[in-house]
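**Q** To be precise about what I am sending: the file is called model21.pdb and holds PDB, C-alpha atoms and all ligand atoms.
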```
ATOM      1  CA  MET N 242      40.171 116.210  69.935
ATOM      2  CA  GLU N 243      40.073 119.988  69.697
ATOM      3  CA  ALA N 244      41.634 120.297  73.117
ATOM      4  CA  HIS N 245      44.347 117.835  72.068
ATOM      5  CA  LEU N 246      45.163 119.845  68.893
ATOM      6  CA  ALA N 247      45.257 123.046  70.929
ATOM      7  CA  GLY N 248      47.740 121.372  73.263
ATOM      8  CA  ILE N 249      50.005 120.392  70.327
ATOM      9  CA  VAL N 250      49.878 123.911  68.877
ATOM     10  CA  GLU N 251      50.730 125.349  72.276
ATOM     11  CA  PHE N 252      53.655 122.908  72.583
ATOM     12  CA  LEU N 253      54.971 123.825  69.072
ATOM     13  CA  GLU N 254      54.712 127.504  69.922
ATOM     14  CA  LEU N 255      56.656 126.925  73.065
ATOM     15  CA  ALA N 256      59.277 124.860  71.215
ATOM     16  CA  ASN N 257      59.735 127.624  68.643
ATOM     17  CA  SER N 258      60.067 130.428  71.138
ATOM     18  CA  ASP N 259      63.595 131.592  72.329
ATOM     19  CA  ARG N 260      62.953 131.353  76.066
ATOM     20  CA  PRO N 261      62.752 127.568  76.500
ATOM     21  CA  SER N 262      65.995 126.919  74.527
ATOM     22  CA  HIS N 263      67.679 129.520  76.723
ATOM     23  CA  ASN N 264      66.300 127.690  79.791
ATOM     24  CA  VAL N 265      67.587 124.340  78.485
ATOM     25  CA  SER N 266      71.118 125.681  77.903
ATOM     26  CA  CYS N 267      71.060 127.235  81.388
ATOM     27  CA  MET N 268      70.000 123.915  82.835
ATOM     28  CA  VAL N 269      72.792 122.069  80.981
ATOM     29  CA  LYS N 270      75.346 124.561  82.251
ATOM     30  CA  THR N 271      74.043 124.181  85.821
ATOM     31  CA  VAL N 272      74.170 120.386  85.593
ATOM     32  CA  LEU N 273      77.742 120.474  84.196
ATOM     33  CA  PHE N 274      78.772 122.891  86.926
ATOM     34  CA  LEU N 275      77.286 120.637  89.627
ATOM     35  CA  LEU N 276      78.984 117.594  88.077
ATOM     36  CA  ALA N 277      82.327 119.426  88.101
ATOM     37  CA  ILE N 278      81.851 120.314  91.805
ATOM     38  CA  LEU N 279      80.930 116.686  92.574
ATOM     39  CA  LEU N 280      84.017 115.471  90.685
ATOM     40  CA  ILE N 281      86.295 117.831  92.656
ATOM     41  CA  ILE N 282      84.726 116.682  95.957
ATOM     42  CA  ALA N 283      85.112 113.043  94.880
ATOM     43  CA  LEU N 284      88.802 113.641  94.065
ATOM     44  CA  ILE N 285      89.468 115.486  97.340
ATOM     45  CA  TRP N 286      87.782 112.810  99.446
ATOM     46  CA  GLY N 287      88.248 109.817  97.194
ATOM     47  CA  ILE N 288      92.032 109.797  96.625
ATOM     48  CA  PRO N 289      92.975 109.783 100.343
ATOM     49  CA  ALA N 290      90.207 107.247 101.007
ATOM     50  CA  LEU N 291      91.627 104.972  98.276
ATOM     51  CA  GLY N 292      95.106 105.410  99.786
ATOM     52  CA  GLU N 293      93.773 104.509 103.220
ATOM     53  CA  ALA N 294      91.971 101.446 101.845
ATOM     54  CA  ARG N 295      95.200 100.317 100.142
ATOM     55  CA  ARG N 296      97.196 100.784 103.358
ATOM     56  CA  SER N 297      94.591  98.937 105.350
ATOM     57  CA  ARG N 298      94.817  96.019 102.886
ATOM     58  CA  LEU N 299      98.638  96.039 103.131
ATOM     59  CA  LYS N 300      98.489  96.086 106.943
ATOM     60  CA  ASN N 301      96.366  92.961 106.934
ATOM     61  CA  GLN N 302      98.588  91.046 104.533
ATOM     62  CA  PRO N 303     100.264  87.984 106.052
ATOM     63  CA  PHE N 304     103.774  88.476 107.429
ATOM     64  CA  PRO N 305     106.059  85.697 106.079
ATOM     65  CA  ARG N 306     107.697  83.387 108.618
ATOM     66  CA  HIS N 307     111.211  83.999 107.222
ATOM     67  CA  TRP N 308     110.676  87.736 107.803
ATOM     68  CA  VAL N 309     109.900  87.009 111.458
ATOM     69  CA  ILE N 310     113.189  85.056 111.702
ATOM     70  CA  ILE N 311     115.104  88.043 110.281
ATOM     71  CA  LEU N 312     113.460  90.401 112.794
ATOM     72  CA  GLU N 313     114.241  88.038 115.680
ATOM     73  CA  ARG N 314     117.881  88.143 114.626
ATOM     74  CA  ASN N 315     118.286  91.830 113.717
ATOM     75  CA  LEU N 316     115.912  93.645 116.058
ATOM     76  CA  PRO N 317     116.943  92.674 119.603
ATOM     77  CA  ILE N 318     113.756  94.002 121.232
ATOM     78  CA  TYR N 319     111.428  92.269 118.766
ATOM     79  CA  LYS N 320     110.844  89.177 120.920
ATOM     80  CA  ARG N 321     109.884  91.367 123.875
ATOM     81  CA  LEU N 322     107.141  93.271 122.076
ATOM     82  CA  THR N 323     103.586  92.416 123.073
ATOM     83  CA  GLU N 324     101.453  90.482 120.592
ATOM     84  CA  SER N 325      99.485  93.615 119.758
ATOM     85  CA  LEU N 326     102.627  95.765 119.215
ATOM     86  CA  SER N 327     104.327  93.185 116.983
ATOM     87  CA  ARG N 328     101.134  92.813 114.915
ATOM     88  CA  ARG N 329     100.986  96.579 114.451
ATOM     89  CA  LEU N 330     104.690  96.658 113.593
ATOM     90  CA  HIS N 331     104.164  93.966 110.912
ATOM     91  CA  GLY N 332     101.378  96.059 109.369
ATOM     92  CA  HIS N 333     103.515  99.208 109.272
ATOM     93  CA  ILE N 334     106.452  97.273 107.769
ATOM     94  CA  ASN N 335     104.174  95.983 104.975
ATOM     95  CA  VAL N 336     103.078  99.535 104.136
ATOM     96  CA  PHE N 337     106.620 100.931 104.413
ATOM     97  CA  LEU N 338     108.090  98.281 102.095
ATOM     98  CA  ALA N 339     105.321  98.857  99.536
ATOM     99  CA  GLU N 340     105.653 102.654  99.538
ATOM    100  CA  LYS N 341     109.390 103.329  99.806
ATOM    101  CA  GLN N 342     112.040 102.635  97.223
ATOM    102  CA  PHE N 343     115.321 101.026  98.316
ATOM    103  CA  ILE N 344     118.475 101.678  96.303
ATOM    104  CA  GLY N 345     121.724  99.750  96.784
ATOM    105  CA  CYS N 346     124.782 102.004  96.372
ATOM    106  CA  GLY N 347     128.529 101.361  96.104
ATOM    107  CA  GLY N 348     127.934  97.883  94.691
ATOM    108  CA  LEU N 349     125.590  96.717  97.496
ATOM    109  CA  ARG N 350     123.040  94.112  96.398
ATOM    110  CA  LEU N 351     119.821  94.650  98.310
ATOM    111  CA  THR N 352     118.323  91.684 100.159
ATOM    112  CA  ASP N 353     115.134  91.060 102.170
ATOM    113  CA  GLU N 354     117.290  91.219 105.295
ATOM    114  CA  ILE N 355     118.573  94.732 104.531
ATOM    115  CA  LYS N 356     115.148  96.118 103.614
ATOM    116  CA  LEU N 357     113.347  94.468 106.516
ATOM    117  CA  THR N 358     115.887  95.520 109.139
ATOM    118  CA  ILE N 359     115.659  99.152 108.037
ATOM    119  CA  ALA N 360     111.852  99.072 107.729
ATOM    120  CA  ALA N 361     111.429  97.465 111.173
ATOM    121  CA  VAL N 362     113.503 100.030 113.079
ATOM    122  CA  ALA N 363     112.027 102.940 111.091
ATOM    123  CA  CYS N 364     108.502 101.663 111.811
ATOM    124  CA  LEU N 365     109.140 101.398 115.566
ATOM    125  CA  LEU N 366     108.942 105.199 115.498
ATOM    126  CA  LEU N 367     105.503 104.981 113.856
ATOM    127  CA  LEU N 368     103.865 102.871 116.547
ATOM    128  CA  ASN N 369     102.354 106.051 117.997
ATOM    129  CA  GLU N 370      99.814 105.658 115.168
ATOM    130  CA  ARG N 371      99.987 109.180 113.787
ATOM    131  CA  GLY N 372      99.009 107.651 110.472
ATOM    132  CA  GLU N 373     101.894 109.106 108.455
ATOM    133  CA  TYR N 374     104.655 107.059 106.837
ATOM    134  CA  TYR N 375     107.428 109.626 106.518
ATOM    135  CA  PRO N 376     105.408 111.481 103.851
ATOM    136  CA  LYS N 377     108.337 113.385 102.325
ATOM    137  CA  LEU N 378     110.588 110.329 102.088
ATOM    138  CA  SER N 379     110.618 108.454  98.804
ATOM    139  CA  SER N 380     113.878 106.464  98.779
ATOM    140  CA  ILE N 381     116.405 104.879 101.099
ATOM    141  CA  LEU N 382     119.951 104.609  99.780
ATOM    142  CA  VAL N 383     122.095 101.904 101.374
ATOM    143  CA  TYR N 384     125.894 101.700 101.112
ATOM    144  CA  PRO N 385     127.882  98.584 102.113
ATOM    145  CA  SER N 386     129.755 100.580 104.804
ATOM    146  CA  ALA N 387     130.635 104.154 105.769
ATOM    147  CA  TYR N 388     130.771 106.272 102.622
ATOM    148  CA  ARG N 389     132.608 109.377 101.532
ATOM    149  CA  VAL N 390     130.872 112.586 100.453
ATOM    150  CA  LYS N 391     132.171 115.949  99.343
ATOM    151  CA  GLU N 392     131.011 118.697 101.647
ATOM    152  CA  THR N 393     131.215 122.426 100.954
ATOM    153  CA  LYS N 394     131.350 124.924 103.760
ATOM    154  CA  PRO N 395     131.268 128.744 103.427
ATOM    155  CA  VAL N 396     134.252 130.232 105.250
ATOM    156  CA  GLY N 397     133.420 133.891 104.660
ATOM    157  CA  GLY N 398     134.175 136.473 101.955
ATOM    158  CA  TYR N 399     132.599 134.393  99.176
ATOM    159  CA  VAL N 400     135.115 131.638  99.902
ATOM    160  CA  VAL N 401     133.841 128.085 100.054
ATOM    161  CA  GLN N 402     135.887 125.252 101.468
ATOM    162  CA  GLU N 403     135.460 121.787  99.994
ATOM    163  CA  ARG N 404     136.389 118.685 101.948
ATOM    164  CA  THR N 405     135.710 114.966 101.874
ATOM    165  CA  VAL N 406     133.939 113.551 104.929
ATOM    166  CA  VAL N 407     133.058 109.990 105.935
ATOM    167  CA  ARG N 408     129.432 109.361 106.913
ATOM    168  CA  ILE N 409     127.412 106.416 108.222
ATOM    169  CA  GLY N 410     124.021 107.990 107.550
ATOM    170  CA  GLU N 411     122.148 111.150 106.657
ATOM    171  CA  SER N 412     118.574 112.366 106.281
ATOM    172  CA  TRP N 413     117.587 114.734 103.502
ATOM    173  CA  ALA N 414     114.594 116.960 104.215
ATOM    174  CA  ARG N 415     113.226 116.524 100.699
ATOM    175  CA  ASP N 416     113.160 112.814  99.916
ATOM    176  CA  GLN N 417     116.057 110.588 100.974
ATOM    177  CA  VAL N 418     117.670 108.746 103.842
ATOM    178  CA  VAL N 419     121.185 107.354 103.332
ATOM    179  CA  LEU N 420     122.511 104.502 105.509
ATOM    180  CA  SER N 421     125.534 102.239 105.904
ATOM    181  CA  TRP N 422     124.669  98.520 106.116
ATOM    182  CA  GLU N 423     127.827  97.700 108.087
ATOM    183  CA  ASP N 424     126.795 100.163 110.798
ATOM    184  CA  ILE N 425     123.202  98.898 110.792
ATOM    185  CA  LYS N 426     124.524  95.367 111.437
ATOM    186  CA  ARG N 427     126.735  96.644 114.259
ATOM    187  CA  ASP N 428     123.717  98.391 115.836
ATOM    188  CA  ALA N 429     121.616  95.240 115.440
ATOM    189  CA  THR N 430     123.966  93.299 117.702
ATOM    190  CA  ASN N 431     124.169  96.075 120.253
ATOM    191  CA  TRP N 432     120.880  97.537 121.405
ATOM    192  CA  SER N 433     122.128  99.164 124.597
ATOM    193  CA  ASP N 434     124.902 101.606 123.696
ATOM    194  CA  GLY N 435     122.514 104.456 122.803
ATOM    195  CA  ARG N 436     123.718 104.498 119.198
ATOM    196  CA  ASN N 437     121.533 103.448 116.302
ATOM    197  CA  VAL N 438     121.904 105.000 112.866
ATOM    198  CA  ILE N 439     118.384 104.033 111.687
ATOM    199  CA  LEU N 440     116.663 105.476 114.767
ATOM    200  CA  HIS N 441     118.826 108.592 114.389
ATOM    201  CA  GLU N 442     118.128 109.290 110.716
ATOM    202  CA  PHE N 443     114.413 108.507 110.908
ATOM    203  CA  ALA N 444     114.032 110.750 113.958
ATOM    204  CA  HIS N 445     115.436 113.481 111.677
ATOM    205  CA  GLN N 446     112.726 112.600 109.137
ATOM    206  CA  LEU N 447     110.032 113.064 111.806
ATOM    207  CA  ASP N 448     111.608 116.376 112.802
ATOM    208  CA  GLN N 449     111.757 117.561 109.166
ATOM    209  CA  GLU N 450     108.125 116.683 108.434
ATOM    210  CA  ASP N 451     106.917 120.223 109.189
ATOM    211  CA  GLY N 452     109.626 121.707 106.930
ATOM    212  CA  ARG N 453     111.999 122.688 109.741
ATOM    213  CA  ALA N 454     114.870 120.704 111.274
ATOM    214  CA  ASP N 455     114.621 122.283 114.712
ATOM    215  CA  GLY N 456     114.259 119.364 117.100
ATOM    216  CA  VAL N 457     110.471 119.723 117.281
ATOM    217  CA  PRO N 458     108.441 117.081 115.415
ATOM    218  CA  ILE N 459     104.705 117.494 114.792
ATOM    219  CA  LEU N 460     103.092 117.008 118.211
ATOM    220  CA  GLU N 461      99.607 115.746 118.936
ATOM    221  CA  VAL N 462      98.060 118.760 120.646
ATOM    222  CA  ARG N 463      98.946 122.420 120.893
ATOM    223  CA  SER N 464      99.702 122.283 124.626
ATOM    224  CA  ASP N 465     102.367 119.599 124.018
ATOM    225  CA  TYR N 466     104.558 122.201 122.272
ATOM    226  CA  LEU N 467     104.866 124.288 125.446
ATOM    227  CA  SER N 468     106.054 121.444 127.612
ATOM    228  CA  TRP N 469     108.271 120.049 124.797
ATOM    229  CA  ALA N 470     109.984 123.456 124.365
ATOM    230  CA  ARG N 471     110.507 123.895 128.113
ATOM    231  CA  VAL N 472     111.968 120.406 128.685
ATOM    232  CA  PHE N 473     114.034 120.137 125.484
ATOM    233  CA  LYS N 474     115.543 123.606 125.892
ATOM    234  CA  LYS N 475     116.549 122.857 129.485
ATOM    235  CA  GLU N 476     117.951 119.402 128.649
ATOM    236  CA  TYR N 477     119.837 120.633 125.570
ATOM    237  CA  GLN N 478     121.513 123.378 127.592
ATOM    238  CA  ARG N 479     122.343 120.834 130.289
ATOM    239  CA  LEU N 480     124.038 118.573 127.701
ATOM    240  CA  LEU N 481     125.984 121.560 126.289
ATOM    241  CA  ARG N 482     127.187 122.418 129.806
ATOM    242  CA  ASP N 483     128.122 118.810 130.647
ATOM    243  CA  VAL N 484     130.038 118.421 127.370
ATOM    244  CA  GLU N 485     131.886 121.710 127.947
ATOM    245  CA  ARG N 486     132.881 120.585 131.428
ATOM    246  CA  GLY N 487     133.942 117.185 130.152
ATOM    247  CA  GLN N 488     131.396 115.389 132.343
ATOM    248  CA  LYS N 489     130.041 111.915 131.667
ATOM    249  CA  THR N 490     126.695 112.038 129.845
ATOM    250  CA  VAL N 491     123.869 109.523 129.316
ATOM    251  CA  MET N 492     123.351 110.799 125.775
ATOM    252  CA  GLU N 493     126.008 110.777 123.061
ATOM    253  CA  ARG N 494     127.909 114.084 123.013
ATOM    254  CA  TYR N 495     126.979 114.557 119.362
ATOM    255  CA  GLY N 496     123.542 115.598 120.656
ATOM    256  CA  ALA N 497     125.124 118.892 121.740
ATOM    257  CA  THR N 498     125.671 119.867 118.053
ATOM    258  CA  ASP N 499     122.274 121.610 117.706
ATOM    259  CA  PRO N 500     118.594 121.061 118.736
ATOM    260  CA  ALA N 501     117.902 118.824 115.692
ATOM    261  CA  GLU N 502     120.780 116.481 116.581
ATOM    262  CA  PHE N 503     119.685 116.607 120.216
ATOM    263  CA  PHE N 504     116.239 115.194 119.310
ATOM    264  CA  ALA N 505     117.783 112.481 117.083
ATOM    265  CA  VAL N 506     120.272 111.432 119.774
ATOM    266  CA  ALA N 507     117.589 111.635 122.500
ATOM    267  CA  THR N 508     115.488 109.224 120.411
ATOM    268  CA  GLU N 509     118.404 106.743 120.178
ATOM    269  CA  THR N 510     118.901 106.999 123.958
ATOM    270  CA  PHE N 511     115.164 106.626 124.695
ATOM    271  CA  PHE N 512     114.981 103.297 122.844
ATOM    272  CA  GLU N 513     118.398 101.907 123.775
ATOM    273  CA  LYS N 514     119.117 103.238 127.284
ATOM    274  CA  PRO N 515     115.614 103.827 128.708
ATOM    275  CA  LEU N 516     116.506 103.000 132.306
ATOM    276  CA  LEU N 517     119.382 105.469 132.512
ATOM    277  CA  LEU N 518     117.476 108.164 130.613
ATOM    278  CA  LYS N 519     114.467 107.860 132.909
ATOM    279  CA  ARG N 520     116.621 107.870 136.040
ATOM    280  CA  LYS N 521     118.851 110.809 135.067
ATOM    281  CA  HIS N 522     116.499 112.809 132.814
ATOM    282  CA  PRO N 523     112.925 111.944 133.892
ATOM    283  CA  GLU N 524     111.277 114.942 132.192
ATOM    284  CA  LEU N 525     112.987 114.231 128.865
ATOM    285  CA  TYR N 526     111.980 110.579 129.146
ATOM    286  CA  ARG N 527     108.367 111.592 129.830
ATOM    287  CA  GLU N 528     108.211 113.869 126.783
ATOM    288  CA  LEU N 529     109.606 111.161 124.478
ATOM    289  CA  LYS N 530     107.300 108.543 125.972
ATOM    290  CA  ARG N 531     104.301 110.782 125.346
ATOM    291  CA  TYR N 532     105.406 111.465 121.770
ATOM    292  CA  TYR N 533     106.282 107.884 120.749
ATOM    293  CA  LYS N 534     103.478 106.375 122.877
ATOM    294  CA  LEU N 535     105.826 103.542 123.892
ATOM    295  CA  GLU N 536     107.437 102.305 127.100
ATOM    296  CA  PRO N 537     110.886 100.900 126.168
ATOM    297  CA  LEU N 538     111.475 100.017 129.851
ATOM    298  CA  GLU N 539     109.182  97.040 129.272
ATOM    299  CA  TRP N 540     111.615  95.622 126.710
ATOM    300  CA  ILE N 541     114.685  95.460 128.964
TER
HETATM  301 ZN    ZN N 601     121.985 113.667 112.781
END
```
Spell out the structure here as structure tokens.
**A**
Amino acid sequence: MEAHLAGIVEFLELANSDRPSHNVSCMVKTVLFLLAILLIIALIWGIPALGEARRSRLKNQPFPRHWVIILERNLPIYKRLTESLSRRLHGHINVFLAEKQFIGCGGLRLTDEIKLTIAAVACLLLLNERGEYYPKLSSILVYPSAYRVKETKPVGGYVVQERTVVRIGESWARDQVVLSWEDIKRDATNWSDGRNVILHEFAHQLDQEDGRADGVPILEVRSDYLSWARVFKKEYQRLLRDVERGQKTVMERYGATDPAEFFAVATETFFEKPLLLKRKHPELYRELKRYYKLEPLEWI
């Protein structure tokens, strides 16, 4: 009993002293600090993980039969894709449609056909499984046909020239792709002329992903940049020379505008004229095949 009372007295003395309360407040602060660190770690790791889980769910969602019919009609190579490639394409289309906003412009009423056709061609470029879905792109604006825009051009001495130009598509580095539905439909019925406005504008998006429109998208490994630079520089200069001399070219002449246009036009040619590109420009074909991880020759 005496020992018990002594224990209580000792406890009360301890409770009344300053040191333990100081220890308790220190402990609370430490716990709060640790909780804050854990919360930050959870946010850093948790948000992307949630995003990935959502994408994985979208990829596994069923692909409606009437969507398949639209793809068979508007994507000429669709029927030639292997089972595994078309399944992966369906998954990417599901994610793309869920994450990107479509806006009809100039009175165009958006339909499943318009959205699906654009998503399918854009997602062909994602079959290399880099895991990104045009991260900077938020919306796709679609006009019924070619549209007019006002363009300003500096002409020196603080003078700016304004003119109206007609466009069928454009890719903005920040957040938008603009397309003409009439031209998309024309491309859908002709998958062998090396011209495709969706492939072109979305290749620009890939190029712009690193913040620079310079004809060099984000490549898989460091050593790829060396061989990409060597081949693309040589092939771009060759196209410039051929255009200057008025020679026939496999690629559209517009590719000679600058290195960014060269990559966009090379992408169109790779998917639509693979045989000619491989025969006449084997190194360029090899670089594009390594980047897109696809063999369009199998779809001819
Ligand atoms: Zn372009």
**Q** To test your reading of the syntax: which residues would the PyMOL selection byres (((chain N and resi 335) around 8) and not hetatm) return for the file shown? Reply as a list in words.
**A** Leu299, Lys300, Gln302, Phe304, His331, Gly332, His333, Ile334, Val336, Phe337, Leu338 and Ala339 of chain N
**Q** From the list N:Ser464, N:Asn315, N:Thr508, N:Thr271, which residue is nearest ligand ZN 601 (chain N) when using all atoms listed in the file?
**A**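 Looking at the shortest contact to ligand ZN 601 (chain N), the residue is N:Thr508.
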**Q** With a distance cut-off of 8 Å and all atoms listed in the file, select the neighbouring residues of N:Leu460, excluding the residue or stretch itself and same-chain residues fewer than 5 positions from it, and output the selection as a VMD selection string.
**A** chain N and resid 465 to 466 532
**Q** Using all atoms listed in the file, can you list as JSON, numbers by chain the residues within 10 Å of (111.8, 117.5, 120.8)?
**A** {"N": [444, 448, 455, 456, 457, 458, 459, 460, 466, 468, 469, 470, 471, 472, 473, 474, 477, 500, 501, 502, 503, 504, 505, 507, 508, 525, 528, 529, 532]}
**Q** Generate the output file for the selected residues, C-alpha atoms, as a compact mmCIF listing (two decimals), in the frame of the given file.
**A**
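Output below, filename again_36.txt:
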```txt
# COMPACT_ATOMS: atom_id res chain seq x y z
CA ALA N 444 114.03 110.75 113.96
CA ASP N 448 111.61 116.38 112.80
CA ASP N 455 114.62 122.28 114.71
CA GLY N 456 114.26 119.36 117.10
CA VAL N 457 110.47 119.72 117.28
CA PRO N 458 108.44 117.08 115.42
CA ILE N 459 104.70 117.49 114.79
CA LEU N 460 103.09 117.01 118.21
CA TYR N 466 104.56 122.20 122.27
CA SER N 468 106.05 121.44 127.61
CA TRP N 469 108.27 120.05 124.80
CA ALA N 470 109.98 123.46 124.36
CA ARG N 471 110.51 123.90 128.11
CA VAL N 472 111.97 120.41 128.68
CA PHE N 473 114.03 120.14 125.48
CA LYS N 474 115.54 123.61 125.89
CA TYR N 477 119.84 120.63 125.57
CA PRO N 500 118.59 121.06 118.74
CA ALA N 501 117.90 118.82 115.69
CA GLU N 502 120.78 116.48 116.58
CA PHE N 503 119.68 116.61 120.22
CA PHE N 504 116.24 115.19 119.31
CA ALA N 505 117.78 112.48 117.08
CA ALA N 507 117.59 111.64 122.50
CA THR N 508 115.49 109.22 120.41
CA LEU N 525 112.99 114.23 128.86
CA GLU N 528 108.21 113.87 126.78
CA LEU N 529 109.61 111.16 124.48
CA TYR N 532 105.41 111.46 121.77
```
**Q** For the PyMOL selection byres (((chain N and resi 422-430) around 12) and not hetatm), applied here, can you spell out every residue it catches as a PyMOL selection string?
**A** chain N and resi 311-319+345-352+354-363+381-388+408-410+419-421+431-442+509+513
**Q** Go ahead and write the selection's residues with C-alpha atoms as an mmCIF file, in the coordinates of the input.
**A**
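out.cif was written with the following content:
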```cif
data_model
loop_
_atom_site.group_PDB
_atom_site.id
_atom_site.type_symbol
_atom_site.label_atom_id
_atom_site.label_comp_id
_atom_site.auth_asym_id
_atom_site.auth_seq_id
_atom_site.Cartn_x
_atom_site.Cartn_y
_atom_site.Cartn_z
ATOM 1 C CA ILE N 311 115.104 88.043 110.281
ATOM 2 C CA LEU N 312 113.460 90.401 112.794
ATOM 3 C CA GLU N 313 114.241 88.038 115.680
ATOM 4 C CA ARG N 314 117.881 88.143 114.626
ATOM 5 C CA ASN N 315 118.286 91.830 113.717
ATOM 6 C CA LEU N 316 115.912 93.645 116.058
ATOM 7 C CA PRO N 317 116.943 92.674 119.603
ATOM 8 C CA ILE N 318 113.756 94.002 121.232
ATOM 9 C CA TYR N 319 111.428 92.269 118.766
ATOM 10 C CA GLY N 345 121.724 99.750 96.784
ATOM 11 C CA CYS N 346 124.782 102.004 96.372
ATOM 12 C CA GLY N 347 128.529 101.361 96.104
ATOM 13 C CA GLY N 348 127.934 97.883 94.691
ATOM 14 C CA LEU N 349 125.590 96.717 97.496
ATOM 15 C CA ARG N 350 123.040 94.112 96.398
ATOM 16 C CA LEU N 351 119.821 94.650 98.310
ATOM 17 C CA THR N 352 118.323 91.684 100.159
ATOM 18 C CA GLU N 354 117.290 91.219 105.295
ATOM 19 C CA ILE N 355 118.573 94.732 104.531
ATOM 20 C CA LYS N 356 115.148 96.118 103.614
ATOM 21 C CA LEU N 357 113.347 94.468 106.516
ATOM 22 C CA THR N 358 115.887 95.520 109.139
ATOM 23 C CA ILE N 359 115.659 99.152 108.037
ATOM 24 C CA ALA N 360 111.852 99.072 107.729
ATOM 25 C CA ALA N 361 111.429 97.465 111.173
ATOM 26 C CA VAL N 362 113.503 100.030 113.079
ATOM 27 C CA ALA N 363 112.027 102.940 111.091
ATOM 28 C CA ILE N 381 116.405 104.879 101.099
ATOM 29 C CA LEU N 382 119.951 104.609 99.780
ATOM 30 C CA VAL N 383 122.095 101.904 101.374
ATOM 31 C CA TYR N 384 125.894 101.700 101.112
ATOM 32 C CA PRO N 385 127.882 98.584 102.113
ATOM 33 C CA SER N 386 129.755 100.580 104.804
ATOM 34 C CA ALA N 387 130.635 104.154 105.769
ATOM 35 C CA TYR N 388 130.771 106.272 102.622
ATOM 36 C CA ARG N 408 129.432 109.361 106.913
ATOM 37 C CA ILE N 409 127.412 106.416 108.222
ATOM 38 C CA GLY N 410 124.021 107.990 107.550
ATOM 39 C CA VAL N 419 121.185 107.354 103.332
ATOM 40 C CA LEU N 420 122.511 104.502 105.509
ATOM 41 C CA SER N 421 125.534 102.239 105.904
ATOM 42 C CA ASN N 431 124.169 96.075 120.253
ATOM 43 C CA TRP N 432 120.880 97.537 121.405
ATOM 44 C CA SER N 433 122.128 99.164 124.597
ATOM 45 C CA ASP N 434 124.902 101.606 123.696
ATOM 46 C CA GLY N 435 122.514 104.456 122.803
ATOM 47 C CA ARG N 436 123.718 104.498 119.198
ATOM 48 C CA ASN N 437 121.533 103.448 116.302
ATOM 49 C CA VAL N 438 121.904 105.000 112.866
ATOM 50 C CA ILE N 439 118.384 104.033 111.687
ATOM 51 C CA LEU N 440 116.663 105.476 114.767
ATOM 52 C CA HIS N 441 118.826 108.592 114.389
ATOM 53 C CA GLU N 442 118.128 109.290 110.716
ATOM 54 C CA GLU N 509 118.404 106.743 120.178
ATOM 55 C CA GLU N 513 118.398 101.907 123.775
#
```
**Q** Of the candidates N:Phe343, N:Trp413, N:Phe512, N:Tyr374, which one gets nearest to N:Gly452 if we count only C-alpha atoms?
**A**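 Closest residue, counting only C-alpha atoms: N:Trp413.
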**Q** With all atoms listed in the file as the atoms that count, which of N:Arg296, N:His445, N:Arg479, N:Lys341 lies nearest to ligand ZN 601 (chain N)?
**A**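 When distances to ligand ZN 601 (chain N) are compared using all atoms listed in the file, the smallest one comes from N:His445.
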**Q** Under the PyMOL selection byres (((chain N and resi 373) around 12) and not hetatm), which residues of this model are included? Write them out as a list in words.
**A**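 Selected by the PyMOL selection byres (((chain N and resi 373) around 12) and not hetatm) in this file: Gly292, Glu293, Arg296, His333, Val336, Phe337, Glu340, Cys364, Leu366, Leu367, Leu368, Asn369, Glu370, Arg371, Gly372, Tyr374, Tyr375, Pro376, Lys377, Leu378, Gln446, Leu447, Glu450 and Ile459 of chain N.
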**Q** Nearest residue to ligand ZN 601 (chain N) out of N:Val491, N:Pro515, N:Ser412, N:Trp540, using only C-alpha atoms and all ligand atoms?
**A** N:Ser412
**Q** Quick one: pull the distance between atom CA of N:Lys489 and atom CA of N:Leu467, Å, one decimal.
**A**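 If I compute the distance from atom CA of N:Lys489 to atom CA of N:Leu467, I get 28.7 Å.
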**Q** Please, what distance in Å, to one decimal, runs between atom CA of N:Pro305 and atom CA of N:Ser325?
**A** 17.1 Å
**Q** How many Å lie between atom CA of N:Ile344 and atom CA of N:Ala414, rounded to one decimal?
**A**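 For atom CA of N:Ile344 relative to atom CA of N:Ala414, the distance reads 17.6 Å.
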**Q** My list of candidates is N:Pro303, N:Gly487, N:Gly496, N:Gly398. Which is closest to ligand ZN 601 (chain N) when distances are computed with only C-alpha atoms and all ligand atoms?
**A** N:Gly496
**Q** Return the single residue from N:Glu493, N:Glu392, N:Glu536, N:Glu524 that is closest to ligand ZN 601 (chain N), with distances computed using all atoms listed in the file.
**A**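 Among the listed residues, the smallest separation from ligand ZN 601 (chain N) belongs to N:Glu493.
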